[in-house]
4 protein chains.
Amino acid sequence: MTSVKTGRRICIVVNSRANYGRIKSVLHAVNDHDALELQLVVGASALLTRFGDVATIMQRDGFQPNATVYSIVEGETPTTMAKSVGIGILELATQFENLRPDIVLTVADRFETIATAIAASYMNIPVAHTQGGEVTGSIDESVRHAVTKLSHIHFPATSRAKENLIRMGEDPRSIFLTGCPAMDVIADLDLGLPAGLFSRDRGVGPEIDPAKPYLVVLQHPVTTEYGRGFDQINETIQAIMALGVQAVWLWPNVDAGSDDVSKGLRVFREKVRPGFIHFYRNFEVDDYARLIANCRCLVGNSSSALREGAFLGVPAVNIGSRQQGREHGENVIHVPHDAKRIEDAIRTQLDRGRFEPSHMFGDGTAGKRIADILVDVDVSIQKSLAYRDPPGASDW
Amino acid sequence: MTSVKTGRRICIVVNSRANYGRIKSVLHAVNDHDALELQLVVGASALLTRFGDVATIMQRDGFQPNATVYSIVEGETPTTMAKSVGIGILELATQFENLRPDIVLTVADRFETIATAIAASYMNIPVAHTQGGEVTGSIDESVRHAVTKLSHIHFPATSRAKENLIRMGEDPRSIFLTGCPAMDVIADLDLGLPAGLFSRDRGVGPEIDPAKPYLVVLQHPVTTEYGRGFDQINETIQAIMALGVQAVWLWPNVDAGSDDVSKGLRVFREKVRPGFIHFYRNFEVDDYARLIANCRCLVGNSSSALREGAFLGVPAVNIGSRQQGREHGENVIHVPHDAKRIEDAIRTQLDRGRFEPSHMFGDGTAGKRIADILVDVDVSIQKSLAYRDPPGASDW
Amino acid sequence: MTSVKTGRRICIVVNSRANYGRIKSVLHAVNDHDALELQLVVGASALLTRFGDVATIMQRDGFQPNATVYSIVEGETPTTMAKSVGIGILELATQFENLRPDIVLTVADRFETIATAIAASYMNIPVAHTQGGEVTGSIDESVRHAVTKLSHIHFPATSRAKENLIRMGEDPRSIFLTGCPAMDVIADLDLGLPAGLFSRDRGVGPEIDPAKPYLVVLQHPVTTEYGRGFDQINETIQAIMALGVQAVWLWPNVDAGSDDVSKGLRVFREKVRPGFIHFYRNFEVDDYARLIANCRCLVGNSSSALREGAFLGVPAVNIGSRQQGREHGENVIHVPHDAKRIEDAIRTQLDRGRFEPSHMFGDGTAGKRIADILVDVDVSIQKSLAYRDPPGASDW
Amino acid sequence: MTSVKTGRRICIVVNSRANYGRIKSVLHAVNDHDALELQLVVGASALLTRFGDVATIMQRDGFQPNATVYSIVEGETPTTMAKSVGIGILELATQFENLRPDIVLTVADRFETIATAIAASYMNIPVAHTQGGEVTGSIDESVRHAVTKLSHIHFPATSRAKENLIRMGEDPRSIFLTGCPAMDVIADLDLGLPAGLFSRDRGVGPEIDPAKPYLVVLQHPVTTEYGRGFDQINETIQAIMALGVQAVWLWPNVDAGSDDVSKGLRVFREKVRPGFIHFYRNFEVDDYARLIANCRCLVGNSSSALREGAFLGVPAVNIGSRQQGREHGENVIHVPHDAKRIEDAIRTQLDRGRFEPSHMFGDGTAGKRIADILVDVDVSIQKSLAYRDPPGASDW
């Protein structure tokens, strides 16, 4: 029997493959909670084939969207990123008006994240936010903190992030240190490499041998360094070629400059046809966790190297400024965009082997804790910089 | 002789009558500066007749826009405010792409402000922001701080605002305490009431006698209290009716809930036809300054009561939560939405008379100082929360 | 018992008060039909208070919208009309994607109409259209025929309109002469003036006495004559003032130039305070039918004078080019924007009295007939200009 | 010396590589005309790298855009095509408001075309249109005729198209049979294959030998048959593989279903790595003319096979319904999506050799003639279906 739930309606907007992995355990926890009703909106790059058609994967995982919203303006330039925010807001406002959620939950720091936060906050719908208070490079740094300022409930992943939120003037009563839901996925998972993960008919390049050591490479453009992506990826390519270790290489996400990175990869692939690199568009959330859990070194500038990497103790080489300032564990070596430095760092990590797992980004229980808090957390739509009692208030 | 300037292109987006008064002296200073080129975009409610057609006034003041952009979705609901942000971003991105400004300057805390900040920051154009760090009520409170987080150069109006910006994690080297450009307009002005200000064929209601004491009433909706505007304005109406002092009453701005406030005023006007209240849509920036400079009490919830009011020493009664927590001088009495409390407070102010002027919001030199700083201020597109040295950076 | 219907999903988009009256009987017929499922989207000016909040009236009439979509860009200029089409398409596409209708029905010739037709036809959803093939002035003339070219099923109101559709190259098998659903509302109605229609607390001006003769005036801007609305309305005002007969005056719709017409009315009302004119924002569909059924003359440029007017035999004076070329009965006198000509024509009609009713625009059964056709009409998404067999087809 | 022209401002919107080739000679003619001022807006897929970055090519050809406008919503589904129309209208309206053209010229029948026509016609700017009155398949068929209904000046390419426009009710005085500007490009060109056309570092696959016979294949998705593109392209692939003649294969355009076609090509390329097929993204307008002028057979469903093909006398095999009903010369064989039929038809054409050139689509003077007409053509914004004198008009 299907019964309409009478509790709070929690609307979660999933806009990319990264979003999904970072919020999947919350989706499950809200969906399963008697006192909560899940409203799911799927949009932006989560609908696009070239980013792995996350919407279809989600449906296979049992999540039927209440609405789908195409909102990416094609071009992958700084201009089109901005425009995609605009369309996102315009259309999410209509969705929120019709879904009438009690709380909207938005994930991390991408352009779809701020679109969600702006639409909801102007509509007097409380905004809950994960991953606030963290520090990185790229435009994500500005956007993450702006989303914090628009949010009414904070679910930071680390205690340092929580501390930053308080310092930024957020009300401590609105901040809940839950850890990152992305860790939940890993914690609950059989991390063994599934048979046939690499042999399936997908991606291009020679087949990866799961019995041998392999690298995972994932390098996104840095939006604030737009125009330098082609040179940057070439340094990484050189390093990987020099190492000659088989590598799983993932295409970059939809950010401005993605085209430069992709072009670098395409030119390289067509010219060199490297015999030990396989290019993939996307892995499902669980498979991605298994993929990196079993690799010898995670290379590039994905936050997963620092976040999931810490939880798993996977050696990682982080390149360039994209993760600059992000909290991380012992498993990461930072290097600039320099082929030799990258190569050396990977060699160091290959020699070093696995690290002790760390729970600095969460202990695998975030999803359930977040759902429980959402049931009855007290929220005020009217925010106020929490540094001092507002002057004048005592006049009444 | 027209010569194309070779200095920085400063793009300023003016989106409402309030925007214009708050940035007019900067427009002049940038326009007059040899090392700066002004790019002017006029949009949103600044183009609308019912908000005083600010675009036309600006042209009369000598400012030819590079582009005009209609971006308000009609409805004055929380939904349409959100959607107007979306359209603003979508279209401003195109304007910025074509104008290629070196710096974009955005004003205060309205929905057009954050649209400007988002478009520019995603496009790697440094954002300069006035009025950051102040504290108020309404959605403006959230938005103002979010804009701060997207901005690269800050021009706070007060030293407490500057202090707040630093506490929020902005780089102190990017913060310049210039005062508010709105004060410049007043400082430079002959504040005598122009002959015929009230007798011109405009607005509705009996003519105001400039020789007698008058009140100015301006009460906007509070977006975070959407749905309560009708009741709220009726408390104010009752208080003014009880006082019987002639009053200049201005229509509210375009925010969500504006319709409720306007409806309250229309119903009242049609039913009562009050013999001592005149309703106006808009005054030009200079005339508004003169209007409040010469009134006996400024009533409502406009920030001008606290900001320009302080500079002028005008007695003011601030109603409700819209300005909650905003820094202010001795000239303001705060009251809730309660007819009796409003009436009493106005009586107190009428008895009290004028206050000592205060320069807490600026000394009248902000415009020129801002222009001078924009000429060669050092800006980095990549922001970083300034609480600590980013971990990892020293690894390189 | 609520059961989900298994027949075709018919999505009808209602965007204005005029839309609603013109499609209401179809909404009922589709809703009541066992083999059809009604999907209702309400948007544009149908959501706006100043145009009578049609959405609320519809809900009172028993129609719950599947979605509401704000899409009017404020300004009432040619630019904002165009932009409103753009937003309409952008958002209706998302609605259609999520509602998955089998057929989309769009009404007449307004900017929301073409937005609906474009969204649906690009999405391979068959478009059904009412009022195709008619001839008028204004931009509506271009838009109506463009919508015809995008539509797959035509429900013209008159036999001449049907003939025009065939001449324009539409497939005769896709054309169904059903009459206009607006006539259904009238045919089924007790046309007596409801007690208290004029005395209710609404509109401004002295109360209309239903026992005495009254005029109804409704004059919209002509978009293709943008900028001339103020002068045009003043001619009509002069004529009505000269007549001195009590008049029910309705505000114009949201088209470009509406502001000019409204300004003319406002200035007139404030200055003259005419003792025999009452200004109304809106009447519900049924009340509007009763209103004009009982008036002595319908004045202005509303199509209702020609369409509903014919059915009712109401004397009408049609002013200017807005209805130029529209088919009409004996009840209409056409005059240009000239006060004397308008006054003389109204006098002629007042002397003349009622006309014989005509079924030229339908016999009051359109709604049911349209619903019946929609159940199983054969539609091909691929249109082809029907003048000749396509060359080349026989090659296969 | 640059002098501002005082004649009519002609705004031409170029939105795709196809657009550009079809209007290039008009751009030159307007630009060179003393009595005309060219305003150029470049948008949609003309800005995208994966469609050949037409904007950059145009700049190399000497055309500086007044504005660039990204407007494609990514996804290549029916939904995103519709949404791209919406954004196009929204933003073009702003561009037209700021550019204030006297006439807007729009090309053919794509989604950007109707966006241009809607924005301009609602803004009371006369719309000039090329390629009206032609008959094809796909959504283009509906859109082309809808654009005709929104246009004030028609430049049909053929006499049958002109006849169709008149039958559809367009005013004969507004129709000018000029031929298609695409023929001008060919007529003026040295059609010899440029040295190195195939050897340049571009595209993927083995190098084409210009000394040997080659095919050109270009097959777009058919939007009204969305979902069938993958199967359809595979029939063509089989036919080409069976023939074994070297082939230049171009990627499809941005229409809905493009992804299916591309996927078919990608899968085939990765699996088979055909030794005699080279895949290209784009050729410049002139090079494309040379490319097809020298091929043995043009295969697929591009209109260039029927239009430019006729002018050049190039043998062509047209597949499927996309060009269904389009006027064409002796050079075309029509076949359905059937590998055997395609193969046979290509063999027939290879045996047959070149055809007599035909001027049915123009004689190479269209651009200059169009520019001359635009100088002083009389236009009325108010259109009227031209079948009969509008009734009622004689009443005045």
# chains A, B, ... in the order shown; residues from 1 in each chain; ligands from 1
>>> closest_atom_pairs(of="chain B", to="chain C", cutoff="7 Å", atoms="only C-alpha atoms", output="CSV")
residue,atom,partner,partner_atom,distance
B:Leu48,CA,C:Gly75,CA,6.0
B:Tyr70,CA,C:Thr80,CA,6.9
B:Ser71,CA,C:Val73,CA,6.5
B:Ile72,CA,C:Glu74,CA,5.5
B:Val73,CA,C:Val73,CA,4.5
B:Glu74,CA,C:Glu74,CA,5.0
B:Gly75,CA,C:Leu48,CA,6.0
B:Thr80,CA,C:Tyr70,CA,6.9
>>> write_last_selection(atoms="N, CA and C atoms", output="PDB file, in the first residue's frame")
ATOM      1  N   LEU B  48      11.330  50.330 -15.410  1.00  0.00           N
ATOM      2  CA  LEU B  48       9.872  50.267 -15.344  1.00  0.00           C
ATOM      3  C   LEU B  48       9.244  51.598 -14.958  1.00  0.00           C
ATOM      4  N   TYR B  70      15.643  44.166 -19.684  1.00  0.00           N
ATOM      5  CA  TYR B  70      14.439  43.879 -18.898  1.00  0.00           C
ATOM      6  C   TYR B  70      14.583  42.502 -18.264  1.00  0.00           C
ATOM      7  N   SER B  71      14.391  42.410 -16.954  1.00  0.00           N
ATOM      8  CA  SER B  71      14.617  41.110 -16.321  1.00  0.00           C
ATOM      9  C   SER B  71      13.680  40.783 -15.163  1.00  0.00           C
ATOM     10  N   ILE B  72      12.678  41.605 -14.942  1.00  0.00           N
ATOM     11  CA  ILE B  72      11.753  41.330 -13.836  1.00  0.00           C
ATOM     12  C   ILE B  72      10.615  40.426 -14.320  1.00  0.00           C
ATOM     13  N   VAL B  73      10.459  39.278 -13.680  1.00  0.00           N
ATOM     14  CA  VAL B  73       9.293  38.441 -13.942  1.00  0.00           C
ATOM     15  C   VAL B  73       8.147  38.967 -13.092  1.00  0.00           C
ATOM     16  N   GLU B  74       7.052  39.301 -13.759  1.00  0.00           N
ATOM     17  CA  GLU B  74       5.959  39.961 -13.044  1.00  0.00           C
ATOM     18  C   GLU B  74       5.263  39.020 -12.065  1.00  0.00           C
ATOM     19  N   GLY B  75       4.863  39.566 -10.951  1.00  0.00           N
ATOM     20  CA  GLY B  75       4.143  38.776  -9.963  1.00  0.00           C
ATOM     21  C   GLY B  75       4.405  39.236  -8.535  1.00  0.00           C
ATOM     22  N   THR B  80       8.653  34.761  -8.198  1.00  0.00           N
ATOM     23  CA  THR B  80       9.091  35.638  -9.288  1.00  0.00           C
ATOM     24  C   THR B  80      10.367  36.392  -8.929  1.00  0.00           C
TER      25      THR B  80
END
>>> residues_around(residues="Ile373 (chain B)", least_positions_apart="4", cutoff="10 Å", atoms="only C-alpha atoms", output="number ranges by chain")
B: 153, 155, 176, 178, 368-369, 377-378
>>> write_last_selection(atoms="N, CA and C atoms", output="tab-separated table (two decimals), in the first residue's frame")
chain	number	residue	atom	x	y	z
B	153	ILE	N	36.56	42.77	-4.34
B	153	ILE	CA	36.93	44.08	-3.80
B	153	ILE	C	35.73	44.59	-3.02
B	155	PHE	N	33.90	47.64	-0.71
B	155	PHE	CA	33.85	49.05	-0.30
B	155	PHE	C	32.81	49.22	0.80
B	176	PHE	N	38.19	48.15	1.52
B	176	PHE	CA	38.50	49.58	1.57
B	176	PHE	C	37.33	50.33	2.18
B	178	THR	N	35.38	53.18	2.53
B	178	THR	CA	35.23	54.42	1.77
B	178	THR	C	34.03	55.24	2.21
B	368	LYS	N	34.61	59.36	-5.26
B	368	LYS	CA	35.93	59.65	-5.78
B	368	LYS	C	36.95	58.64	-5.27
B	369	ARG	N	36.82	58.29	-3.99
B	369	ARG	CA	37.77	57.32	-3.43
B	369	ARG	C	37.63	55.95	-4.10
B	377	VAL	N	43.80	48.90	-8.19
B	377	VAL	CA	43.74	47.91	-7.13
B	377	VAL	C	44.15	46.54	-7.70
B	378	ASP	N	44.92	45.85	-6.90
B	378	ASP	CA	45.42	44.53	-7.27
B	378	ASP	C	44.32	43.52	-6.97
>>> residues_around(residues="Ala242 (chain A)", least_positions_apart="5", cutoff="12 Å", atoms="only C-alpha atoms", output="PDB file with N, CA and C atoms, in the first residue's frame")
ATOM      1  N   GLU A 235      50.820  18.172 -19.264  1.00  0.00           N
ATOM      2  CA  GLU A 235      51.845  17.809 -18.259  1.00  0.00           C
ATOM      3  C   GLU A 235      51.489  16.463 -17.628  1.00  0.00           C
ATOM      4  N   THR A 236      50.217  16.298 -17.326  1.00  0.00           N
ATOM      5  CA  THR A 236      49.781  15.042 -16.717  1.00  0.00           C
ATOM      6  C   THR A 236      49.958  13.875 -17.689  1.00  0.00           C
ATOM      7  N   ILE A 237      49.601  14.110 -18.940  1.00  0.00           N
ATOM      8  CA  ILE A 237      49.761  13.061 -19.963  1.00  0.00           C
ATOM      9  C   ILE A 237      51.217  12.614 -20.053  1.00  0.00           C
ATOM     10  N   PRO A 274      47.719   5.305 -26.945  1.00  0.00           N
ATOM     11  CA  PRO A 274      48.536   4.706 -25.882  1.00  0.00           C
ATOM     12  C   PRO A 274      48.048   3.298 -25.545  1.00  0.00           C
ATOM     13  N   PHE A 276      48.278   1.487 -22.922  1.00  0.00           N
ATOM     14  CA  PHE A 276      47.993   1.078 -21.543  1.00  0.00           C
ATOM     15  C   PHE A 276      47.029   2.034 -20.843  1.00  0.00           C
ATOM     16  N   ALA A 339      55.250  17.980 -15.422  1.00  0.00           N
ATOM     17  CA  ALA A 339      55.278  16.544 -15.728  1.00  0.00           C
ATOM     18  C   ALA A 339      56.243  15.792 -14.819  1.00  0.00           C
ATOM     19  N   LYS A 340      57.429  16.348 -14.635  1.00  0.00           N
ATOM     20  CA  LYS A 340      58.436  15.665 -13.832  1.00  0.00           C
ATOM     21  C   LYS A 340      57.989  15.533 -12.378  1.00  0.00           C
ATOM     22  N   ARG A 341      57.469  16.611 -11.840  1.00  0.00           N
ATOM     23  CA  ARG A 341      57.005  16.597 -10.451  1.00  0.00           C
ATOM     24  C   ARG A 341      55.851  15.615 -10.277  1.00  0.00           C
ATOM     25  N   ILE A 342      54.979  15.577 -11.258  1.00  0.00           N
ATOM     26  CA  ILE A 342      53.851  14.641 -11.176  1.00  0.00           C
ATOM     27  C   ILE A 342      54.359  13.209 -11.204  1.00  0.00           C
ATOM     28  N   GLU A 343      55.234  12.944 -12.163  1.00  0.00           N
ATOM     29  CA  GLU A 343      55.798  11.596 -12.306  1.00  0.00           C
ATOM     30  C   GLU A 343      56.491  11.155 -11.007  1.00  0.00           C
ATOM     31  N   ASP A 344      57.314  12.037 -10.483  1.00  0.00           N
ATOM     32  CA  ASP A 344      58.043  11.699  -9.250  1.00  0.00           C
ATOM     33  C   ASP A 344      57.088  11.404  -8.101  1.00  0.00           C
ATOM     34  N   ILE A 346      54.003  10.378  -8.237  1.00  0.00           N
ATOM     35  CA  ILE A 346      53.312   9.087  -8.418  1.00  0.00           C
ATOM     36  C   ILE A 346      54.257   7.939  -8.054  1.00  0.00           C
ATOM     37  N   ARG A 347      55.507   8.036  -8.481  1.00  0.00           N
ATOM     38  CA  ARG A 347      56.486   6.987  -8.130  1.00  0.00           C
ATOM     39  C   ARG A 347      56.600   6.841  -6.607  1.00  0.00           C
TER      40      ARG A 347
END
>>> residues_around(residues="Ile125 (chain A)", least_positions_apart="3", cutoff="9 Å", atoms="only C-alpha atoms", output="VMD selection string")
chain A and resid 96 100 to 104 119 to 122 381
>>> closest_residue(among="A:Arg228, A:Arg60, A:Arg281, A:His152", to="Ala256 (chain A)", atoms="only C-alpha atoms")
A:Arg228
>>> residues_around(residues="Thr113 (chain D)", least_positions_apart="2", cutoff="10 Å", atoms="only C-alpha atoms", output="VMD selection string")
chain D and resid 13 to 15 19 85 88 to 89 105 to 111 115 to 118 129 140 143 to 144 147
>>> write_last_selection(atoms="N, CA, C and O atoms", output="PDB file, in the first residue's frame")
ATOM      1  N   VAL D  13      21.227  37.491 -38.176  1.00  0.00           N
ATOM      2  CA  VAL D  13      21.573  36.593 -37.082  1.00  0.00           C
ATOM      3  C   VAL D  13      22.084  35.281 -37.686  1.00  0.00           C
ATOM      4  O   VAL D  13      21.354  34.602 -38.413  1.00  0.00           O
ATOM      5  N   VAL D  14      23.338  34.966 -37.404  1.00  0.00           N
ATOM      6  CA  VAL D  14      23.948  33.737 -37.922  1.00  0.00           C
ATOM      7  C   VAL D  14      24.119  32.760 -36.766  1.00  0.00           C
ATOM      8  O   VAL D  14      24.790  33.073 -35.787  1.00  0.00           O
ATOM      9  N   ASN D  15      23.510  31.594 -36.887  1.00  0.00           N
ATOM     10  CA  ASN D  15      23.426  30.689 -35.746  1.00  0.00           C
ATOM     11  C   ASN D  15      24.014  29.307 -35.971  1.00  0.00           C
ATOM     12  O   ASN D  15      24.000  28.482 -35.070  1.00  0.00           O
ATOM     13  N   ASN D  19      23.644  28.085 -41.669  1.00  0.00           N
ATOM     14  CA  ASN D  19      23.245  29.492 -41.783  1.00  0.00           C
ATOM     15  C   ASN D  19      24.271  30.317 -42.534  1.00  0.00           C
ATOM     16  O   ASN D  19      23.937  31.111 -43.407  1.00  0.00           O
ATOM     17  N   VAL D  85      15.129  27.426 -28.382  1.00  0.00           N
ATOM     18  CA  VAL D  85      14.323  28.483 -29.002  1.00  0.00           C
ATOM     19  C   VAL D  85      13.981  29.541 -27.962  1.00  0.00           C
ATOM     20  O   VAL D  85      14.111  30.746 -28.209  1.00  0.00           O
ATOM     21  N   GLY D  88      16.922  31.666 -27.099  1.00  0.00           N
ATOM     22  CA  GLY D  88      17.226  32.510 -28.255  1.00  0.00           C
ATOM     23  C   GLY D  88      16.331  33.742 -28.294  1.00  0.00           C
ATOM     24  O   GLY D  88      16.815  34.871 -28.445  1.00  0.00           O
ATOM     25  N   ILE D  89      15.047  33.544 -28.117  1.00  0.00           N
ATOM     26  CA  ILE D  89      14.113  34.675 -28.151  1.00  0.00           C
ATOM     27  C   ILE D  89      14.413  35.661 -27.027  1.00  0.00           C
ATOM     28  O   ILE D  89      14.505  36.871 -27.230  1.00  0.00           O
ATOM     29  N   LEU D 105      17.056  40.054 -40.700  1.00  0.00           N
ATOM     30  CA  LEU D 105      17.038  39.015 -41.736  1.00  0.00           C
ATOM     31  C   LEU D 105      17.310  37.662 -41.094  1.00  0.00           C
ATOM     32  O   LEU D 105      18.283  37.504 -40.355  1.00  0.00           O
ATOM     33  N   THR D 106      16.440  36.701 -41.384  1.00  0.00           N
ATOM     34  CA  THR D 106      16.614  35.382 -40.781  1.00  0.00           C
ATOM     35  C   THR D 106      16.613  34.322 -41.879  1.00  0.00           C
ATOM     36  O   THR D 106      15.971  34.486 -42.918  1.00  0.00           O
ATOM     37  N   VAL D 107      17.342  33.228 -41.650  1.00  0.00           N
ATOM     38  CA  VAL D 107      17.688  32.290 -42.714  1.00  0.00           C
ATOM     39  C   VAL D 107      16.989  30.943 -42.528  1.00  0.00           C
ATOM     40  O   VAL D 107      17.133  30.290 -41.484  1.00  0.00           O
ATOM     41  N   ALA D 108      16.239  30.539 -43.500  1.00  0.00           N
ATOM     42  CA  ALA D 108      15.743  29.173 -43.630  1.00  0.00           C
ATOM     43  C   ALA D 108      14.747  28.731 -42.566  1.00  0.00           C
ATOM     44  O   ALA D 108      13.688  29.355 -42.407  1.00  0.00           O
ATOM     45  N   ASP D 109      15.064  27.720 -41.779  1.00  0.00           N
ATOM     46  CA  ASP D 109      14.013  26.990 -41.075  1.00  0.00           C
ATOM     47  C   ASP D 109      14.464  26.289 -39.798  1.00  0.00           C
ATOM     48  O   ASP D 109      13.833  25.340 -39.353  1.00  0.00           O
ATOM     49  N   ARG D 110      15.515  26.765 -39.194  1.00  0.00           N
ATOM     50  CA  ARG D 110      15.995  26.091 -38.002  1.00  0.00           C
ATOM     51  C   ARG D 110      15.412  26.708 -36.729  1.00  0.00           C
ATOM     52  O   ARG D 110      14.719  27.709 -36.795  1.00  0.00           O
ATOM     53  N   PHE D 111      15.713  26.112 -35.584  1.00  0.00           N
ATOM     54  CA  PHE D 111      15.100  26.638 -34.369  1.00  0.00           C
ATOM     55  C   PHE D 111      15.601  28.030 -34.032  1.00  0.00           C
ATOM     56  O   PHE D 111      14.886  28.837 -33.462  1.00  0.00           O
ATOM     57  N   ALA D 115      13.326  31.628 -33.573  1.00  0.00           N
ATOM     58  CA  ALA D 115      13.611  32.497 -32.425  1.00  0.00           C
ATOM     59  C   ALA D 115      13.819  33.928 -32.899  1.00  0.00           C
ATOM     60  O   ALA D 115      13.261  34.882 -32.332  1.00  0.00           O
ATOM     61  N   THR D 116      14.590  34.077 -33.945  1.00  0.00           N
ATOM     62  CA  THR D 116      14.850  35.407 -34.506  1.00  0.00           C
ATOM     63  C   THR D 116      13.558  36.048 -35.002  1.00  0.00           C
ATOM     64  O   THR D 116      13.277  37.220 -34.732  1.00  0.00           O
ATOM     65  N   ALA D 117      12.763  35.277 -35.710  1.00  0.00           N
ATOM     66  CA  ALA D 117      11.533  35.816 -36.301  1.00  0.00           C
ATOM     67  C   ALA D 117      10.539  36.240 -35.225  1.00  0.00           C
ATOM     68  O   ALA D 117       9.872  37.270 -35.353  1.00  0.00           O
ATOM     69  N   ILE D 118      10.435  35.454 -34.171  1.00  0.00           N
ATOM     70  CA  ILE D 118       9.488  35.801 -33.107  1.00  0.00           C
ATOM     71  C   ILE D 118       9.935  37.050 -32.361  1.00  0.00           C
ATOM     72  O   ILE D 118       9.151  37.970 -32.128  1.00  0.00           O
ATOM     73  N   HIS D 129      13.106  37.094 -44.795  1.00  0.00           N
ATOM     74  CA  HIS D 129      13.304  35.653 -44.651  1.00  0.00           C
ATOM     75  C   HIS D 129      13.754  35.039 -45.982  1.00  0.00           C
ATOM     76  O   HIS D 129      13.164  35.300 -47.008  1.00  0.00           O
ATOM     77  N   ASP D 140      11.529  21.074 -39.515  1.00  0.00           N
ATOM     78  CA  ASP D 140      11.844  22.243 -40.342  1.00  0.00           C
ATOM     79  C   ASP D 140      10.662  22.637 -41.227  1.00  0.00           C
ATOM     80  O   ASP D 140      10.460  23.817 -41.513  1.00  0.00           O
ATOM     81  N   VAL D 143       8.291  24.681 -39.159  1.00  0.00           N
ATOM     82  CA  VAL D 143       8.927  25.921 -38.713  1.00  0.00           C
ATOM     83  C   VAL D 143       9.120  26.892 -39.871  1.00  0.00           C
ATOM     84  O   VAL D 143       8.887  28.095 -39.733  1.00  0.00           O
ATOM     85  N   ARG D 144       9.500  26.358 -41.025  1.00  0.00           N
ATOM     86  CA  ARG D 144       9.727  27.242 -42.185  1.00  0.00           C
ATOM     87  C   ARG D 144       8.468  28.030 -42.519  1.00  0.00           C
ATOM     88  O   ARG D 144       8.518  29.240 -42.747  1.00  0.00           O
ATOM     89  N   VAL D 147       7.635  30.608 -39.861  1.00  0.00           N
ATOM     90  CA  VAL D 147       8.477  31.805 -40.026  1.00  0.00           C
ATOM     91  C   VAL D 147       7.946  32.669 -41.160  1.00  0.00           C
ATOM     92  O   VAL D 147       7.907  33.906 -41.056  1.00  0.00           O
TER      93      VAL D 147
END
>>> select_by_dssp(residues="region 33-260 of chain B", states="strand (DSSP E or B)", output="number ranges by chain")
B: 36-43, 67-69, 73, 103-107, 127-130, 153-155, 175, 204, 215-218, 247-250
>>> residues_around(residues="Val30 (chain B)", least_positions_apart="2", cutoff="9 Å", atoms="only C-alpha atoms", output="MDAnalysis selection string")
chainID B and resid 10 25:28 32:38 367:368 370:372 374
>>> atom_distance(atom1="CA of Leu193 (chain D)", atom2="CA of Tyr214 (chain D)")
12.3 Å
>>> atom_distance(atom1="CA of Val335 (chain D)", atom2="CA of Arg307 (chain D)")
17.4 Å
>>> closest_residue(among="C:Val254, C:Asp188, C:Arg273, C:Leu215", to="Leu350 (chain C)", atoms="only C-alpha atoms")
C:Leu215
>>> select_by_dssp(residues="region 278-371 of chain A", states="helix (DSSP H, G or I)", output="PyMOL selection string")
chain A and resi 285-293+303-305+307-312+339-352+366-371
>>> closest_residue(among="D:Ala29, D:Cys11, D:Val314, D:Ala345", to="Leu92 (chain D)", atoms="only C-alpha atoms")
D:Cys11
